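Raw upload_22.cif, mmCIF, C-alpha atoms:
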data_model
loop_
_atom_site.label_atom_id
_atom_site.label_comp_id
_atom_site.auth_asym_id
_atom_site.auth_seq_id
_atom_site.Cartn_x
_atom_site.Cartn_y
_atom_site.Cartn_z
CA MET A 1 69.59 -49.09 -70.96
CA ALA A 2 71.90 -48.72 -68.01
CA VAL A 3 73.31 -45.27 -67.51
CA ALA A 4 76.97 -45.64 -68.31
CA TYR A 5 77.79 -42.05 -67.59
CA GLN A 6 77.76 -40.15 -64.39
CA ARG A 7 78.80 -36.65 -63.51
CA ARG A 8 82.05 -36.72 -61.58
CA LEU A 9 81.24 -34.85 -58.38
CA LEU A 10 83.87 -32.93 -56.44
CA THR A 11 84.73 -33.32 -52.80
CA ILE A 12 85.21 -30.20 -50.67
CA GLU A 13 88.97 -30.89 -50.67
CA GLU A 14 89.06 -31.06 -54.47
CA TYR A 15 87.00 -27.88 -54.66
CA HIS A 16 89.55 -26.10 -52.44
CA GLN A 17 92.40 -27.47 -54.57
CA MET A 18 90.69 -26.07 -57.61
CA ILE A 19 90.72 -22.64 -56.00
CA GLU A 20 94.38 -23.08 -54.99
CA ALA A 21 95.29 -24.23 -58.51
CA GLY A 22 93.95 -20.92 -59.77
CA ILE A 23 91.17 -22.52 -61.80
CA LEU A 24 88.57 -20.66 -59.78
CA SER A 25 89.51 -17.07 -59.12
CA GLU A 26 88.81 -15.42 -55.78
CA ASP A 27 86.24 -13.07 -57.26
CA GLU A 28 84.22 -15.76 -59.02
CA ARG A 29 80.84 -16.17 -57.40
CA VAL A 30 80.70 -19.95 -57.25
CA GLU A 31 79.58 -22.29 -54.49
CA LEU A 32 79.92 -26.04 -54.10
CA ILE A 33 76.49 -27.67 -53.79
CA ARG A 34 76.39 -31.46 -53.43
CA GLY A 35 79.66 -31.87 -55.30
CA GLU A 36 78.81 -29.49 -58.13
CA MET A 37 80.16 -26.02 -58.73
CA ILE A 38 77.19 -23.71 -59.10
CA GLU A 39 77.41 -20.13 -60.29
CA MET A 40 75.64 -17.77 -57.92
CA THR A 41 73.14 -15.33 -59.32
CA PRO A 42 74.23 -11.68 -59.41
CA ILE A 43 73.11 -9.61 -56.44
CA GLY A 44 70.69 -6.79 -57.19
CA ASN A 45 70.36 -3.53 -55.23
CA ARG A 46 67.41 -4.69 -53.18
CA HIS A 47 69.15 -7.93 -52.23
CA ALA A 48 72.40 -6.10 -51.35
CA GLY A 49 70.49 -3.52 -49.31
CA CYS A 50 68.64 -6.20 -47.38
CA VAL A 51 71.92 -7.96 -46.55
CA ARG A 52 73.44 -4.64 -45.37
CA TRP A 53 70.41 -3.97 -43.19
CA LEU A 54 70.70 -7.45 -41.65
CA ILE A 55 74.43 -7.06 -40.99
CA ARG A 56 73.85 -3.73 -39.27
CA SER A 57 70.84 -4.84 -37.21
CA PHE A 58 72.25 -8.22 -36.22
CA SER A 59 75.60 -6.67 -35.29
CA SER A 60 74.04 -4.04 -33.05
CA THR A 61 71.48 -6.41 -31.49
CA PHE A 62 73.80 -9.34 -30.80
CA ALA A 63 76.97 -7.29 -30.22
CA SER A 64 79.14 -9.60 -28.13
CA ARG A 65 76.80 -12.59 -28.14
CA ALA A 66 77.23 -13.71 -31.76
CA ILE A 67 79.37 -13.10 -34.82
CA VAL A 68 77.73 -11.92 -38.01
CA ASP A 69 79.21 -13.33 -41.19
CA ALA A 70 78.15 -12.13 -44.62
CA GLN A 71 78.59 -14.10 -47.84
CA ASP A 72 81.38 -16.27 -46.50
CA PRO A 73 81.65 -19.97 -47.28
CA VAL A 74 80.31 -22.52 -44.78
CA SER A 75 81.72 -26.04 -45.13
CA LEU A 76 79.17 -28.84 -44.91
CA GLY A 77 81.51 -31.80 -45.22
CA GLU A 78 79.03 -34.64 -45.21
CA GLN A 79 76.99 -32.97 -47.92
CA GLN A 80 80.09 -32.24 -50.06
CA SER A 81 78.89 -28.65 -50.07
CA GLU A 82 80.30 -25.25 -49.38
CA PRO A 83 77.53 -22.72 -49.83
CA GLN A 84 77.93 -19.00 -49.23
CA PRO A 85 74.81 -17.96 -47.35
CA ASP A 86 73.94 -14.27 -47.36
CA ILE A 87 74.17 -14.10 -43.57
CA VAL A 88 75.43 -16.54 -40.98
CA LEU A 89 75.01 -15.87 -37.30
CA LEU A 90 77.79 -17.72 -35.50
CA ARG A 91 78.19 -18.69 -31.88
CA TYR A 92 80.42 -16.08 -30.28
CA ARG A 93 84.12 -16.84 -30.23
CA GLU A 94 86.78 -14.48 -28.99
CA ASP A 95 89.10 -15.28 -31.92
CA CYS A 96 86.39 -14.80 -34.59
CA TYR A 97 87.15 -18.32 -35.86
CA ARG A 98 90.64 -17.36 -36.97
CA SER A 99 92.06 -20.74 -36.01
CA GLN A 100 89.22 -22.91 -37.25
CA GLN A 101 86.53 -22.66 -39.87
CA PRO A 102 83.02 -22.56 -38.40
CA ARG A 103 81.32 -25.95 -38.31
CA PRO A 104 77.58 -26.50 -38.76
CA GLU A 105 77.15 -26.71 -34.97
CA ASP A 106 78.65 -23.22 -34.61
CA VAL A 107 75.91 -21.78 -36.78
CA LEU A 108 72.97 -20.28 -34.88
CA LEU A 109 71.08 -19.00 -37.90
CA VAL A 110 71.51 -18.87 -41.66
CA VAL A 111 69.72 -16.23 -43.71
CA GLU A 112 69.28 -16.44 -47.46
CA VAL A 113 67.88 -13.49 -49.36
CA ALA A 114 66.09 -14.62 -52.50
CA ASP A 115 64.70 -12.82 -55.47
CA SER A 116 65.18 -14.78 -58.69
CA SER A 117 66.84 -17.63 -56.80
CA PHE A 118 63.83 -18.27 -54.54
CA ILE A 119 62.99 -21.79 -55.75
CA TYR A 120 66.61 -22.88 -55.77
CA ASP A 121 67.18 -21.52 -52.28
CA ARG A 122 64.00 -23.12 -50.95
CA ASP A 123 64.35 -26.51 -52.64
CA VAL A 124 68.11 -27.00 -52.66
CA LYS A 125 69.87 -24.82 -50.12
CA ILE A 126 67.43 -24.88 -47.22
CA PRO A 127 67.23 -28.73 -47.28
CA LEU A 128 71.03 -28.78 -47.34
CA TYR A 129 71.16 -26.69 -44.15
CA ALA A 130 68.61 -29.02 -42.54
CA GLU A 131 70.65 -32.10 -43.46
CA ALA A 132 73.76 -30.51 -42.01
CA GLY A 133 71.87 -29.96 -38.75
CA ILE A 134 71.91 -26.16 -38.83
CA SER A 135 69.38 -25.27 -36.19
CA GLU A 136 67.57 -22.43 -37.91
CA ALA A 137 67.32 -20.84 -41.35
CA TRP A 138 65.45 -17.81 -42.65
CA LEU A 139 64.54 -17.27 -46.25
CA VAL A 140 63.81 -13.65 -47.11
CA ALA A 141 61.54 -14.14 -50.12
CA PHE A 142 61.01 -11.00 -52.19
CA PRO A 143 58.70 -12.82 -54.66
CA SER A 144 56.17 -13.56 -51.88
CA ASP A 145 57.00 -10.43 -49.88
CA SER A 146 57.55 -12.49 -46.76
CA VAL A 147 60.14 -14.20 -44.60
CA PHE A 148 60.10 -17.96 -44.03
CA SER A 149 61.63 -19.39 -40.88
CA TYR A 150 62.75 -23.00 -40.71
CA CYS A 151 63.47 -24.81 -37.42
CA ASP A 152 63.98 -28.32 -36.11
CA PRO A 153 66.37 -29.75 -38.69
CA SER A 154 66.33 -33.39 -39.78
CA PRO A 155 67.99 -35.29 -42.63
CA ALA A 156 64.66 -35.03 -44.47
CA GLY A 157 64.41 -31.25 -44.10
CA TYR A 158 63.25 -28.78 -41.46
CA ARG A 159 60.26 -30.04 -39.52
CA LYS A 160 58.88 -26.59 -38.72
CA VAL A 161 58.25 -23.88 -41.29
CA ARG A 162 56.54 -20.56 -40.62
CA GLN A 163 55.80 -17.73 -42.97
CA TYR A 164 56.05 -14.18 -41.61
CA ARG A 165 54.35 -11.37 -43.49
CA ARG A 166 54.51 -7.59 -43.35
CA GLY A 167 53.40 -6.37 -39.94
CA ASP A 168 54.85 -9.48 -38.24
CA VAL A 169 57.90 -9.63 -36.04
CA ILE A 170 60.43 -12.47 -36.33
CA THR A 171 62.73 -13.70 -33.56
CA PRO A 172 65.73 -16.02 -33.85
CA GLN A 173 65.33 -19.16 -31.79
CA ALA A 174 68.79 -18.66 -30.25
CA PHE A 175 67.98 -15.12 -29.00
CA PRO A 176 64.37 -14.78 -27.88
CA ASP A 177 65.03 -11.18 -26.89
CA GLY A 178 66.04 -10.12 -30.39
CA SER A 179 63.11 -9.31 -32.63
CA PHE A 180 63.03 -7.86 -36.12
CA ALA A 181 60.16 -6.32 -38.05
CA VAL A 182 59.47 -8.10 -41.33
CA ASP A 183 58.70 -4.68 -42.85
CA GLU A 184 62.21 -3.56 -42.09
CA ILE A 185 63.83 -6.75 -43.38
CA LEU A 186 61.92 -6.56 -46.66
CA GLY A 187 62.45 -2.81 -46.96
CA MET B 1 65.03 -32.16 -59.46
CA ALA B 2 64.54 -29.03 -61.52
CA VAL B 3 66.99 -26.41 -60.48
CA PRO B 4 65.85 -23.18 -62.04
CA MET B 5 67.94 -20.04 -62.28
CA THR B 6 71.20 -21.75 -61.63
CA LYS B 7 74.10 -22.57 -63.82
CA ARG B 8 76.92 -24.96 -63.26
CA ARG B 9 80.39 -23.44 -63.39
CA LEU B 10 81.77 -25.09 -66.50
CA LEU B 11 85.41 -25.92 -67.08
CA THR B 12 87.29 -25.14 -70.27
CA ALA B 13 89.36 -27.78 -72.08
CA ASP B 14 92.52 -25.96 -70.99
CA GLU B 15 91.44 -25.85 -67.34
CA PHE B 16 90.59 -29.55 -67.41
CA GLN B 17 93.91 -30.52 -69.01
CA ARG B 18 95.77 -28.29 -66.56
CA LEU B 19 94.13 -30.12 -63.64
CA ALA B 20 94.99 -33.47 -65.24
CA ALA B 21 98.62 -32.44 -65.71
CA GLN B 22 98.79 -31.39 -62.05
CA GLY B 23 97.63 -34.82 -60.95
CA PHE B 24 94.42 -33.38 -59.59
CA PHE B 25 92.39 -36.50 -60.39
CA PRO B 26 93.46 -39.96 -59.22
CA GLU B 27 95.36 -41.81 -61.98
CA ASP B 28 92.91 -44.69 -62.09
CA GLU B 29 89.87 -42.54 -62.77
CA ARG B 30 88.71 -42.39 -66.37
CA LEU B 31 87.22 -38.96 -66.80
CA GLU B 32 86.09 -36.93 -69.77
CA LEU B 33 85.14 -33.29 -70.04
CA ILE B 34 81.92 -33.00 -72.02
CA ARG B 35 80.61 -29.48 -72.67
CA GLY B 36 82.30 -28.15 -69.57
CA GLU B 37 81.25 -30.91 -67.21
CA ILE B 38 83.31 -33.80 -65.90
CA PHE B 39 81.93 -37.27 -66.49
CA GLU B 40 83.04 -40.66 -65.26
CA MET B 41 83.53 -43.16 -68.05
CA SER B 42 82.21 -46.68 -67.72
CA PRO B 43 84.80 -49.40 -67.19
CA ILE B 44 85.85 -51.19 -70.37
CA GLY B 45 84.49 -54.73 -70.72
CA ASP B 46 86.42 -57.57 -72.36
CA ARG B 47 84.60 -57.45 -75.66
CA HIS B 48 85.03 -53.69 -75.91
CA ALA B 49 88.74 -53.99 -75.10
CA VAL B 50 89.30 -56.72 -77.68
CA CYS B 51 87.43 -54.73 -80.31
CA VAL B 52 89.62 -51.66 -79.69
CA MET B 53 92.71 -53.85 -79.87
CA LEU B 54 91.66 -55.34 -83.22
CA ILE B 55 90.88 -51.90 -84.68
CA GLU B 56 94.23 -50.60 -83.49
CA ASP B 57 96.00 -53.56 -85.09
CA MET B 58 94.17 -53.09 -88.39
CA LEU B 59 94.78 -49.37 -88.62
CA ALA B 60 98.48 -49.92 -87.95
CA ASP B 61 98.67 -50.75 -91.68
CA LEU B 62 98.03 -47.07 -92.37
CA ARG B 63 101.39 -46.07 -90.99
CA PRO B 64 103.37 -44.02 -91.90
CA LYS B 65 100.55 -41.74 -93.12
CA GLY B 66 98.63 -41.87 -89.88
CA ILE B 67 99.11 -42.33 -86.16
CA VAL B 68 96.68 -44.45 -84.17
CA SER B 69 95.91 -43.11 -80.71
CA THR B 70 93.75 -45.14 -78.34
CA GLN B 71 91.78 -43.89 -75.35
CA ASN B 72 93.70 -40.64 -75.10
CA PRO B 73 92.29 -37.18 -74.46
CA LEU B 74 91.34 -35.11 -77.50
CA ARG B 75 90.93 -31.36 -77.00
CA LEU B 76 87.79 -29.89 -78.50
CA SER B 77 88.31 -26.42 -77.11
CA ARG B 78 85.38 -24.62 -78.70
CA GLN B 79 82.93 -27.03 -77.07
CA LEU B 80 84.68 -27.04 -73.68
CA SER B 81 85.28 -30.75 -74.17
CA VAL B 82 88.07 -33.27 -73.78
CA PRO B 83 86.63 -36.67 -74.67
CA GLN B 84 88.71 -39.83 -74.79
CA PRO B 85 87.63 -41.57 -77.97
CA ASP B 86 88.40 -45.28 -78.17
CA VAL B 87 90.48 -44.83 -81.32
CA VAL B 88 91.65 -41.73 -83.18
CA LEU B 89 93.39 -41.90 -86.53
CA LEU B 90 95.58 -38.82 -86.71
CA ARG B 91 97.57 -37.12 -89.40
CA ARG B 92 101.26 -37.72 -88.73
CA ARG B 93 102.92 -34.54 -87.53
CA ARG B 94 106.46 -33.86 -86.48
CA ASP B 95 105.50 -31.44 -83.74
CA PHE B 96 103.36 -33.71 -81.54
CA GLN B 97 106.15 -33.49 -78.95
CA SER B 98 105.30 -29.86 -78.41
CA ARG B 99 101.55 -29.68 -79.00
CA PRO B 100 98.62 -32.02 -78.40
CA PRO B 101 96.45 -33.23 -81.28
CA TYR B 102 93.60 -30.92 -82.27
CA PRO B 103 90.47 -31.66 -84.32
CA GLU B 104 92.15 -30.53 -87.56
CA ASP B 105 94.69 -33.34 -87.14
CA VAL B 106 92.00 -36.04 -87.03
CA PHE B 107 91.11 -38.26 -90.01
CA LEU B 108 88.73 -40.51 -88.14
CA VAL B 109 87.35 -41.09 -84.64
CA ILE B 110 86.06 -44.53 -83.62
CA GLU B 111 83.89 -45.20 -80.58
CA VAL B 112 83.07 -48.72 -79.43
CA ALA B 113 79.81 -49.00 -77.53
CA GLU B 114 78.88 -51.89 -75.31
CA THR B 115 76.83 -50.12 -72.63
CA SER B 116 77.34 -46.52 -73.71
CA LEU B 117 75.53 -46.51 -77.07
CA VAL B 118 73.04 -43.74 -76.29
CA HIS B 119 75.65 -41.47 -74.77
CA ASP B 120 78.10 -42.08 -77.61
CA ARG B 121 75.49 -41.56 -80.31
CA ASP B 122 73.64 -38.60 -78.82
CA VAL B 123 76.40 -36.77 -76.98
CA LYS B 124 79.82 -37.63 -78.33
CA ILE B 125 79.18 -38.10 -82.06
CA PRO B 126 77.45 -34.68 -82.34
CA LEU B 127 80.40 -33.17 -80.48
CA TYR B 128 82.82 -34.55 -83.09
CA ALA B 129 80.58 -33.21 -85.88
CA GLU B 130 80.48 -29.74 -84.34
CA ASN B 131 84.26 -29.73 -84.23
CA GLY B 132 84.49 -30.56 -87.90
CA ILE B 133 86.02 -34.01 -87.42
CA PRO B 134 85.52 -35.39 -90.93
CA GLU B 135 84.46 -38.91 -90.02
CA ALA B 136 83.32 -40.94 -87.02
CA TRP B 137 82.56 -44.64 -86.66
CA LEU B 138 80.38 -46.01 -83.91
CA VAL B 139 80.85 -49.73 -83.37
CA ASP B 140 77.74 -51.03 -81.63
CA LEU B 141 78.51 -54.37 -80.06
CA ASN B 142 74.87 -54.96 -79.19
CA SER B 143 73.44 -54.80 -82.70
CA ASP B 144 76.67 -55.93 -84.42
CA THR B 145 76.53 -52.82 -86.54
CA ILE B 146 79.03 -50.13 -87.42
CA PHE B 147 77.50 -46.71 -87.97
CA VAL B 148 79.59 -44.45 -90.17
CA PHE B 149 79.08 -40.70 -89.90
CA ARG B 150 80.36 -38.24 -92.51
CA ARG B 151 79.90 -34.61 -93.61
CA PRO B 152 80.20 -32.86 -90.27
CA SER B 153 78.17 -29.73 -89.59
CA SER B 154 77.34 -27.66 -86.56
CA ARG B 155 74.09 -29.64 -86.34
CA GLY B 156 75.61 -33.09 -86.51
CA TYR B 157 76.82 -35.37 -89.28
CA GLN B 158 74.77 -35.07 -92.43
CA VAL B 159 75.41 -38.59 -93.69
CA THR B 160 74.96 -41.79 -91.67
CA ARG B 161 75.40 -45.31 -93.01
CA GLU B 162 75.08 -48.69 -91.32
CA TYR B 163 77.41 -51.58 -92.00
CA ARG B 164 77.00 -55.23 -90.99
CA ARG B 165 79.26 -58.26 -90.75
CA GLU B 166 79.29 -59.05 -94.46
CA ASP B 167 80.21 -55.47 -95.44
CA GLU B 168 83.52 -53.72 -95.95
CA ILE B 169 84.34 -50.16 -94.89
CA SER B 170 87.05 -47.69 -95.84
CA PRO B 171 87.97 -44.51 -94.04
CA GLU B 172 87.03 -41.57 -96.24
CA ALA B 173 90.63 -40.34 -96.15
CA PHE B 174 91.98 -43.74 -97.29
CA PRO B 175 89.52 -45.16 -99.83
CA GLU B 176 91.98 -47.82 -100.98
CA PHE B 177 92.25 -49.22 -97.46
CA ARG B 178 89.41 -51.72 -96.92
CA VAL B 179 88.50 -53.47 -93.69
CA SER B 180 85.81 -56.06 -93.25
CA VAL B 181 83.26 -55.44 -90.52
CA ARG B 182 83.67 -59.08 -89.50
CA GLN B 183 87.29 -58.35 -88.59
CA ILE B 184 86.15 -55.66 -86.15
CA LEU B 185 83.05 -57.30 -84.69
CA GLY B 186 84.56 -60.78 -84.52
#
Translate the structure of the given file into structure tokens.
Amino acid sequence: MAVAYQRRLLTIEEYHQMIEAGILSEDERVELIRGEMIEMTPIGNRHAGCVRWLIRSFSSTFASRAIVDAQDPVSLGEQQSEPQPDIVLLRYREDCYRSQQPRPEDVLLVVEVADSSFIYDRDVKIPLYAEAGISEAWLVAFPSDSVFSYCDPSPAGYRKVRQYRRGDVITPQAFPDGSFAVDEILG
Amino acid sequence: MAVPMTKRRLLTADEFQRLAAQGFFPEDERLELIRGEIFEMSPIGDRHAVCVMLIEDMLADLRPKGIVSTQNPLRLSRQLSVPQPDVVLLRRRRDFQSRPPYPEDVFLVIEVAETSLVHDRDVKIPLYAENGIPEAWLVDLNSDTIFVFRRPSSRGYQVTREYRREDEISPEAFPEFRVSVRQILG
């Protein structure tokens, strides 16, 4: 039998209107993923600590060469998505993007920290970043005690994936001089 | 795709109706809130439309005891749902100007299914049962059958009966009022 019913997906504009209409409150942890409002998993201590460490290290390493964003929404218009990655490293702009929301091409690196959300992050969010053309993504995976790096985005996903384990050093593609010890990222 | 460890942010009936009142959704979209999620309703075919019209005309004989409401939202707040049943037979109330109809005002809900049988039977009928709506009819245009559901419970209707063209049905609330299935199915 033909499926007569379909979920009504939201556009980014409608999602914003829903926030403006007061349906979604500012402190609700919700992100728009492919037209659906998804509740984000609560952040545990280890996750929060890892994000703090990344903010501190990225900020001191990239000082005036990039802007470090933490848990702010990134609009991916074509994908009808507005995820809130744990960390976004943005191309440097004097005005800190006050006048314009960062676009996918402004993003140098996205980092997601995953404990219980590992499969969701890997199978849903990382492919979304690839489709949007975000040049590099890291997935800090507590369950496998490693960090995955994804490069070379295409509509079908990232073409290059590498797994970094304890003892390894990982370097963002955009800043070959900045390297981070996996041990320190994982804590 | 399996999406483990994630939950959709569900809407309440009040949130959904508030958005509708604000003109959030385009006027020409037929949307229902079902257990917190927004669904697009299938367009109404000719046979479905005629069937609803005939039912509406028949039930008009039940005035002034009841009000017939067609394809309007019905708030089922406990289940985060606002379906739009094809026909609702409501208790007449003087205060409908100031409050919308709630499940306790409903005598009978009727759904007409042309392409939506599975969804109506497995999703919407159980929803009406959970809300204590005393009776629901499902008019299946494919099998020329009317299914009558009674005795609502939190696990669905406890009594189901099938009626065919040669049969007559009465709403439980109006046993003296008899309609022939032929009149509805054509």
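Among A:Val113, A:Val169, A:Ile33, A:Leu9, the residue with the shortest atom-to-atom distance to Lys125 in chain A, counting all atoms listed in the file, is A:Ile33.
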Atomic distance CA of Leu90 in chain B - CA of Val179 in chain B, expressed in Å with one decimal: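 One can read the CA of Leu90 in chain B to CA of Val179 in chain B distance as 17.7 Å.
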Explicit residues for the PyMOL selection byres ((chain B) within 6 of (chain A)) (as JSON, numbers by chain): {"B": [3, 7, 8, 9, 38, 39, 40, 41, 42, 116]}
Resolved residues for the PyMOL selection byres ((chain B and resi 48) around 8) as a ChimeraX atom specification: /B:44-47,49-52,112-114,141
Ground truth for the PyMOL selection byres ((chain B and resi 124-127) around 8), written as a VMD selection string: chain B and resid 79 83 119 to 123 128 to 131 136 155 to 157
Distance of CA of Ala137 in chain A from CA of Arg46 in chain A, expressed in Å to one decimal place: 20.0 Å
Distance in Å - CA of Gly66 in chain B versus CA of Ile184 in chain B: 19.0 Å
Long-range neighbours of range 62-66 of chain A as JSON, numbers by chain, 7 Å cut-off, all atoms listed in the file, 2 positions minimum in chain: {"A": [58, 59, 60, 68, 89, 90, 91, 92]}
Which residue of B:Thr115, B:Leu62, B:Arg91, B:Ser143 approaches Pro43 in chain B most closely, using all atoms listed in the file: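 Closest residue, counting all atoms listed in the file: B:Thr115.
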